[in-house]
file upload-v8.tsv (TSV, C-alpha atoms)
chain	number	residue	atom	x	y	z
P	1	MET	CA	26.07	87.90	8.57
P	2	ALA	CA	24.49	89.27	5.37
P	3	THR	CA	26.53	86.85	3.26
P	4	THR	CA	25.30	83.89	5.28
P	5	SER	CA	21.70	85.03	4.88
P	6	VAL	CA	22.01	85.37	1.11
P	7	THR	CA	23.66	81.98	0.77
P	8	GLY	CA	20.98	80.37	2.89
P	9	SER	CA	18.28	82.02	0.80
P	10	LYS	CA	19.77	80.68	-2.43
P	11	ALA	CA	19.99	77.19	-0.98
P	12	THR	CA	16.36	77.39	0.15
P	13	ASN	CA	15.25	78.46	-3.33
P	14	LYS	CA	16.73	75.37	-4.93
P	15	LEU	CA	14.34	72.53	-5.71
P	16	GLN	CA	14.73	69.62	-3.31
P	17	THR	CA	13.58	66.00	-3.45
P	18	LYS	CA	10.30	66.74	-1.66
P	19	ASP	CA	9.68	69.59	-4.12
P	20	PHE	CA	10.06	67.27	-7.12
P	21	ILE	CA	7.60	64.86	-5.50
P	22	SER	CA	5.08	67.66	-4.94
P	23	ILE	CA	5.45	68.87	-8.52
P	24	GLY	CA	4.98	65.33	-9.83
P	25	VAL	CA	1.84	64.74	-7.76
P	26	PHE	CA	0.26	68.06	-8.69
P	27	SER	CA	1.18	67.62	-12.36
P	28	VAL	CA	-0.77	64.35	-12.41
P	29	LEU	CA	-3.68	66.02	-10.62
P	30	PHE	CA	-3.57	68.92	-13.09
P	31	ALA	CA	-3.67	66.50	-16.04
P	32	VAL	CA	-6.52	64.46	-14.54
P	33	VAL	CA	-8.67	67.54	-13.93
P	34	LEU	CA	-7.94	68.90	-17.39
P	35	PHE	CA	-8.73	65.66	-19.20
P	36	LEU	CA	-11.86	65.19	-17.11
P	37	PHE	CA	-13.22	68.53	-18.23
P	38	GLY	CA	-12.12	67.78	-21.80
P	39	ALA	CA	-13.97	64.47	-21.77
P	40	VAL	CA	-17.12	65.97	-20.29
P	41	GLY	CA	-16.94	68.83	-22.78
P	42	GLY	CA	-16.65	66.35	-25.62
P	43	LEU	CA	-19.69	64.40	-24.46
P	44	LEU	CA	-21.74	67.59	-24.13
P	45	ALA	CA	-20.60	68.88	-27.54
P	46	LEU	CA	-18.76	71.73	-25.79
P	47	PHE	CA	-15.19	70.52	-26.24
P	48	PRO	CA	-13.75	73.87	-27.45
P	49	LEU	CA	-15.10	75.47	-24.26
P	50	PHE	CA	-13.47	73.00	-21.88
P	51	GLY	CA	-10.72	75.52	-21.11
P	52	VAL	CA	-13.13	78.02	-19.56
P	53	PHE	CA	-13.97	75.71	-16.66
P	54	GLY	CA	-11.01	73.35	-16.89
P	55	PHE	CA	-8.38	76.02	-16.26
P	56	LEU	CA	-10.58	77.65	-13.63
P	57	VAL	CA	-10.40	74.47	-11.53
P	58	CYS	CA	-6.81	73.73	-12.54
P	59	GLY	CA	-5.93	77.23	-11.34
P	60	ILE	CA	-6.68	76.12	-7.80
P	61	VAL	CA	-4.30	73.19	-8.22
P	62	VAL	CA	-1.52	75.33	-9.69
P	63	MET	CA	-1.88	78.11	-7.10
P	64	TYR	CA	-1.59	75.60	-4.27
P	65	LEU	CA	1.51	74.14	-5.88
P	66	LEU	CA	3.10	77.57	-6.29
P	67	ALA	CA	2.23	78.47	-2.69
P	68	LYS	CA	3.76	75.19	-1.54
P	69	VAL	CA	6.82	75.29	-3.83
P	70	PRO	CA	7.50	78.95	-4.80
P	71	LYS	CA	10.78	78.18	-6.56
P	72	ARG	CA	12.23	78.69	-10.02
P	73	GLY	CA	11.55	75.81	-12.36
P	74	VAL	CA	8.14	74.82	-11.00
P	75	MET	CA	6.07	75.89	-14.02
P	76	LEU	CA	8.66	74.45	-16.37
P	77	LEU	CA	8.53	71.05	-14.66
P	78	LEU	CA	4.73	71.21	-14.45
P	79	GLY	CA	4.59	71.72	-18.20
P	80	ALA	CA	7.23	69.06	-18.92
P	81	ILE	CA	5.55	66.38	-16.79
P	82	THR	CA	2.10	67.21	-18.14
P	83	ALA	CA	3.50	67.03	-21.69
P	84	VAL	CA	4.92	63.58	-20.97
P	85	ILE	CA	1.54	62.47	-19.60
P	86	CYS	CA	-0.16	63.75	-22.76
P	87	PHE	CA	2.34	61.87	-24.90
P	88	LEU	CA	1.95	58.63	-22.92
P	89	ILE	CA	-1.83	58.63	-23.21
P	90	GLY	CA	-1.57	59.21	-26.95
P	91	ALA	CA	-2.58	62.86	-27.25
P	92	TYR	CA	-2.87	63.88	-30.88
P	93	GLY	CA	-0.14	65.52	-32.91
P	94	PRO	CA	1.47	68.64	-31.49
P	95	ILE	CA	-0.49	68.71	-28.19
P	96	PRO	CA	2.46	67.63	-25.98
P	97	LEU	CA	4.67	70.26	-27.66
P	98	PHE	CA	2.17	73.02	-26.92
P	99	VAL	CA	1.94	71.85	-23.30
P	100	LEU	CA	5.72	71.96	-22.98
P	101	ALA	CA	5.82	75.38	-24.67
P	102	GLY	CA	3.21	76.56	-22.18
P	103	GLY	CA	5.40	75.44	-19.31
P	104	ILE	CA	8.40	77.27	-20.74
P	105	VAL	CA	6.47	80.52	-21.31
P	106	GLY	CA	4.78	80.26	-17.93
P	107	GLU	CA	8.14	79.78	-16.24
P	108	LEU	CA	9.68	82.74	-18.05
P	109	ILE	CA	6.85	85.02	-16.92
P	110	ALA	CA	6.00	83.77	-13.42
P	111	GLY	CA	9.59	82.82	-12.65
P	112	SER	CA	10.85	86.25	-13.60
P	113	GLY	CA	9.28	87.50	-10.38
P	114	HIS	CA	10.74	84.57	-8.41
P	115	TYR	CA	7.13	83.49	-7.77
P	116	ARG	CA	6.68	86.43	-5.39
P	117	SER	CA	4.78	88.68	-7.83
P	118	PHE	CA	1.13	87.64	-8.06
P	119	PRO	CA	0.45	89.63	-11.26
P	120	ARG	CA	3.30	87.76	-12.98
P	121	ILE	CA	1.99	84.48	-11.62
P	122	VAL	CA	-1.45	85.24	-13.06
P	123	ILE	CA	-0.07	86.22	-16.46
P	124	GLY	CA	2.26	83.22	-16.49
P	125	TYR	CA	-0.56	80.80	-15.67
P	126	ALA	CA	-2.87	82.42	-18.23
P	127	ALA	CA	-0.18	82.06	-20.91
P	128	TYR	CA	0.39	78.45	-19.86
P	129	SER	CA	-3.35	77.76	-20.09
P	130	ILE	CA	-3.98	79.35	-23.49
P	131	LEU	CA	-1.06	77.51	-25.07
P	132	ILE	CA	-2.32	74.18	-23.72
P	133	TRP	CA	-5.85	74.98	-24.88
P	134	PHE	CA	-4.65	75.87	-28.36
P	135	GLY	CA	-2.63	72.66	-28.39
P	136	PHE	CA	-5.84	70.72	-27.90
P	137	MET	CA	-7.57	72.79	-30.57
P	138	SER	CA	-4.69	72.50	-33.06
P	139	PRO	CA	-5.78	69.15	-34.57
P	140	LEU	CA	-9.10	70.80	-35.44
P	141	VAL	CA	-7.58	74.09	-36.59
P	142	PHE	CA	-5.10	72.32	-38.85
P	143	SER	CA	-7.66	69.66	-39.84
P	144	MET	CA	-5.45	66.68	-38.93
P	145	GLN	CA	-6.99	63.74	-40.76
P	146	SER	CA	-6.17	61.15	-38.09
P	147	TYR	CA	-7.91	63.27	-35.46
P	148	ILE	CA	-10.92	63.85	-37.70
P	149	ASP	CA	-11.23	60.13	-38.45
P	150	ALA	CA	-11.05	59.29	-34.73
P	151	SER	CA	-13.67	61.93	-33.94
P	152	VAL	CA	-16.01	60.62	-36.64
P	153	ALA	CA	-15.61	57.09	-35.31
P	154	SER	CA	-16.29	58.16	-31.72
P	155	TYR	CA	-18.88	60.91	-32.07
P	156	GLY	CA	-20.16	60.79	-35.63
P	157	ALA	CA	-19.72	62.90	-38.76
P	158	GLU	CA	-22.23	65.59	-37.78
P	159	TYR	CA	-20.56	66.28	-34.44
P	160	THR	CA	-17.14	66.37	-36.07
P	161	ARG	CA	-18.33	68.80	-38.71
P	162	MET	CA	-19.69	71.06	-35.97
P	163	LEU	CA	-16.30	71.03	-34.24
P	164	LEU	CA	-14.50	71.87	-37.48
P	165	ASP	CA	-16.89	74.74	-38.19
P	166	PHE	CA	-16.32	76.00	-34.66
P	167	ALA	CA	-12.54	75.77	-35.01
P	168	HIS	CA	-12.53	77.72	-38.26
P	169	GLY	CA	-14.99	80.41	-37.19
P	170	PRO	CA	-15.06	83.46	-34.90
P	171	LEU	CA	-16.35	81.41	-31.97
P	172	LEU	CA	-12.87	79.93	-31.56
P	173	ILE	CA	-11.56	83.37	-30.59
P	174	ALA	CA	-14.37	83.74	-28.05
P	175	ALA	CA	-13.51	80.32	-26.60
P	176	GLY	CA	-9.85	81.34	-26.38
P	177	ILE	CA	-10.75	84.55	-24.55
P	178	GLY	CA	-12.98	82.51	-22.25
P	179	THR	CA	-10.06	80.20	-21.51
P	180	VAL	CA	-7.88	83.15	-20.46
P	181	VAL	CA	-10.70	84.52	-18.29
P	182	GLY	CA	-11.17	81.11	-16.70
P	183	ALA	CA	-7.45	80.82	-15.98
P	184	ILE	CA	-7.31	84.27	-14.40
P	185	GLY	CA	-10.38	83.46	-12.33
P	186	GLY	CA	-8.76	80.19	-11.21
P	187	ALA	CA	-5.61	82.02	-10.14
P	188	PHE	CA	-7.54	84.53	-8.02
P	189	LEU	CA	-9.73	81.80	-6.57
P	190	GLY	CA	-6.65	79.76	-5.70
P	191	ARG	CA	-5.02	82.73	-3.97
P	192	LYS	CA	-8.20	83.37	-2.00
P	193	LEU	CA	-8.46	79.74	-0.89
P	194	PHE	CA	-4.79	79.59	0.09
P	195	LYS	CA	-4.42	83.17	1.27
P	196	LYS	CA	-2.43	82.23	4.38
P	197	HIS	CA	0.03	80.17	2.31
P	198	PHE	CA	0.68	83.08	-0.06
P	199	GLU	CA	1.00	85.56	2.78
P	200	LYS	CA	3.55	83.26	4.38
P	201	ILE	CA	5.80	83.41	1.31
P	202	GLY	CA	5.22	87.14	0.81
P	203	VAL	CA	2.90	87.09	-2.22
call {"tool": "encode", "arguments": {"input": "upload-v8.tsv", "output": "structure tokens"}}
result
Amino acid sequence: MATTSVTGSKATNKLQTKDFISIGVFSVLFAVVLFLFGAVGGLLALFPLFGVFGFLVCGIVVMYLLAKVPKRGVMLLLGAITAVICFLIGAYGPIPLFVLAGGIVGELIAGSGHYRSFPRIVIGYAAYSILIWFGFMSPLVFSMQSYIDASVASYGAEYTRMLLDFAHGPLLIAAGIGTVVGAIGGAFLGRKLFKKHFEKIGV
């Protein structure tokens, strides 16, 4: 009887077709929300701070996904699909690689608890978020000329200079810390909103 239960549990924990569909849908939603906040942040000259609010809202999306599909591989696929989306829309330089790396790290941390440990989920999502955020900051940090030229053409030289000064100053660290805080806040908000879903899966 015990053997049958264990076997059934392993089968249940494997990703199924409907799970892949859910992950795909929520990955697109995650990317849309993130890019929306990035675009708004850029227009308001607050681009480096987009992670504070972007990952707060995205945390709700991710927590619902993890409550719906609490299985190994979810964060990895979320990162992989989001990285592909970034690549397809022409994200600069190493951004897709940072997104993918975030998915890998997030999976290693959150998945290590089989998505049943909320502290590991929070840490995994925070790690995922900060790596993505730094990916978006990396063209500024490493002063990628193509990115700088595009920014000058779109927003002007003064705005671009302000971004570069921000990226090479102490405020970048504050923005990074804010991103982690936003991600943690999003995770807790998501668990509160979907409390019954998490209780159902034992989180």
call {"tool": "residues_around", "arguments": {"input": "upload-v8.tsv", "residues": "P:Leu163", "least_positions_apart": "5", "cutoff": "9 Å", "atoms": "only C-alpha atoms", "output": "number ranges by chain"}}
result
P: 45-48, 140, 158, 168
call {"tool": "residues_near_point", "arguments": {"input": "upload-v8.tsv", "point": "(-8.7, 81.5, -10.2)", "cutoff": "10 Å", "atoms": "all atoms listed in the file", "output": "MDAnalysis selection string"}}
result
chainID P and resid 55:63 122 125:126 181:193
call {"tool": "closest_residue", "arguments": {"input": "upload-v8.tsv", "among": "P:Leu36, P:Leu49, P:Pro94, P:Glu199", "to": "P:Ile173", "atoms": "all atoms listed in the file"}}
result
P:Leu49
call {"tool": "residues_around", "arguments": {"input": "upload-v8.tsv", "residues": "P:Ala167", "least_positions_apart": "5", "cutoff": "12 Å", "atoms": "only C-alpha atoms", "output": "PyMOL selection string"}}
result
chain P and resi 46-49+134+136-143+160-162+172-176
call {"tool": "write_last_selection", "arguments": {"input": "upload-v8.tsv", "atoms": "C-alpha atoms", "output": "mmCIF file, keeping the file's coordinate frame"}}
result
data_model
loop_
_atom_site.group_PDB
_atom_site.id
_atom_site.type_symbol
_atom_site.label_atom_id
_atom_site.label_comp_id
_atom_site.auth_asym_id
_atom_site.auth_seq_id
_atom_site.Cartn_x
_atom_site.Cartn_y
_atom_site.Cartn_z
ATOM 1 C CA LEU P 46 -18.760 71.730 -25.790
ATOM 2 C CA PHE P 47 -15.190 70.520 -26.240
ATOM 3 C CA PRO P 48 -13.750 73.870 -27.450
ATOM 4 C CA LEU P 49 -15.100 75.470 -24.260
ATOM 5 C CA PHE P 134 -4.650 75.870 -28.360
ATOM 6 C CA PHE P 136 -5.840 70.720 -27.900
ATOM 7 C CA MET P 137 -7.570 72.790 -30.570
ATOM 8 C CA SER P 138 -4.690 72.500 -33.060
ATOM 9 C CA PRO P 139 -5.780 69.150 -34.570
ATOM 10 C CA LEU P 140 -9.100 70.800 -35.440
ATOM 11 C CA VAL P 141 -7.580 74.090 -36.590
ATOM 12 C CA PHE P 142 -5.100 72.320 -38.850
ATOM 13 C CA SER P 143 -7.660 69.660 -39.840
ATOM 14 C CA THR P 160 -17.140 66.370 -36.070
ATOM 15 C CA ARG P 161 -18.330 68.800 -38.710
ATOM 16 C CA MET P 162 -19.690 71.060 -35.970
ATOM 17 C CA LEU P 172 -12.870 79.930 -31.560
ATOM 18 C CA ILE P 173 -11.560 83.370 -30.590
ATOM 19 C CA ALA P 174 -14.370 83.740 -28.050
ATOM 20 C CA ALA P 175 -13.510 80.320 -26.600
ATOM 21 C CA GLY P 176 -9.850 81.340 -26.380
#
call {"tool": "residues_around", "arguments": {"input": "upload-v8.tsv", "residues": "stretch 83-89 of chain P", "least_positions_apart": "6", "cutoff": "9 Å", "atoms": "all atoms listed in the file", "output": "PyMOL selection string"}}
result
chain P and resi 27-28+31+95-100+103
call {"tool": "closest_residue", "arguments": {"input": "upload-v8.tsv", "among": "P:Gly169, P:Gly38, P:Pro70, P:Gly178", "to": "P:Lys14", "atoms": "only C-alpha atoms"}}
result
P:Pro70
call {"tool": "residues_near_point", "arguments": {"input": "upload-v8.tsv", "point": "(14.1, 76.0, -5.2)", "cutoff": "12 Å", "atoms": "only C-alpha atoms", "output": "PDB file with C-alpha atoms, keeping the file's coordinate frame"}}
result
ATOM      1  CA  GLY P   8      20.980  80.370   2.890  1.00  0.00           C
ATOM      2  CA  SER P   9      18.280  82.020   0.800  1.00  0.00           C
ATOM      3  CA  LYS P  10      19.770  80.680  -2.430  1.00  0.00           C
ATOM      4  CA  ALA P  11      19.990  77.190  -0.980  1.00  0.00           C
ATOM      5  CA  THR P  12      16.360  77.390   0.150  1.00  0.00           C
ATOM      6  CA  ASN P  13      15.250  78.460  -3.330  1.00  0.00           C
ATOM      7  CA  LYS P  14      16.730  75.370  -4.930  1.00  0.00           C
ATOM      8  CA  LEU P  15      14.340  72.530  -5.710  1.00  0.00           C
ATOM      9  CA  GLN P  16      14.730  69.620  -3.310  1.00  0.00           C
ATOM     10  CA  THR P  17      13.580  66.000  -3.450  1.00  0.00           C
ATOM     11  CA  LYS P  18      10.300  66.740  -1.660  1.00  0.00           C
ATOM     12  CA  ASP P  19       9.680  69.590  -4.120  1.00  0.00           C
ATOM     13  CA  PHE P  20      10.060  67.270  -7.120  1.00  0.00           C
ATOM     14  CA  ILE P  23       5.450  68.870  -8.520  1.00  0.00           C
ATOM     15  CA  LEU P  66       3.100  77.570  -6.290  1.00  0.00           C
ATOM     16  CA  LYS P  68       3.760  75.190  -1.540  1.00  0.00           C
ATOM     17  CA  VAL P  69       6.820  75.290  -3.830  1.00  0.00           C
ATOM     18  CA  PRO P  70       7.500  78.950  -4.800  1.00  0.00           C
ATOM     19  CA  LYS P  71      10.780  78.180  -6.560  1.00  0.00           C
ATOM     20  CA  ARG P  72      12.230  78.690 -10.020  1.00  0.00           C
ATOM     21  CA  GLY P  73      11.550  75.810 -12.360  1.00  0.00           C
ATOM     22  CA  VAL P  74       8.140  74.820 -11.000  1.00  0.00           C
ATOM     23  CA  MET P  75       6.070  75.890 -14.020  1.00  0.00           C
ATOM     24  CA  GLY P 111       9.590  82.820 -12.650  1.00  0.00           C
ATOM     25  CA  HIS P 114      10.740  84.570  -8.410  1.00  0.00           C
ATOM     26  CA  TYR P 115       7.130  83.490  -7.770  1.00  0.00           C
TER      27      TYR P 115
END
call {"tool": "atom_distance", "arguments": {"input": "upload-v8.tsv", "atom1": "atom CA of P:Gly93", "atom2": "atom CA of P:Ile109"}}
result
26.2 Å
call {"tool": "closest_residue", "arguments": {"input": "upload-v8.tsv", "among": "P:Val180, P:Ala153, P:Ala39, P:Lys200", "to": "P:Ile123", "atoms": "only C-alpha atoms"}}
result
P:Val180
call {"tool": "closest_residue", "arguments": {"input": "upload-v8.tsv", "among": "P:Phe118, P:Tyr128, P:Trp133, P:Phe166", "to": "P:Phe37", "atoms": "only C-alpha atoms"}}
result
P:Trp133
call {"tool": "atom_distance", "arguments": {"input": "upload-v8.tsv", "atom1": "atom CA of P:Gly135", "atom2": "atom CA of P:Glu107"}}
result
17.7 Å
call {"tool": "closest_residue", "arguments": {"input": "upload-v8.tsv", "among": "P:Thr82, P:Ile21, P:Phe194, P:Arg116", "to": "P:Val33", "atoms": "all atoms listed in the file"}}
result
P:Thr82
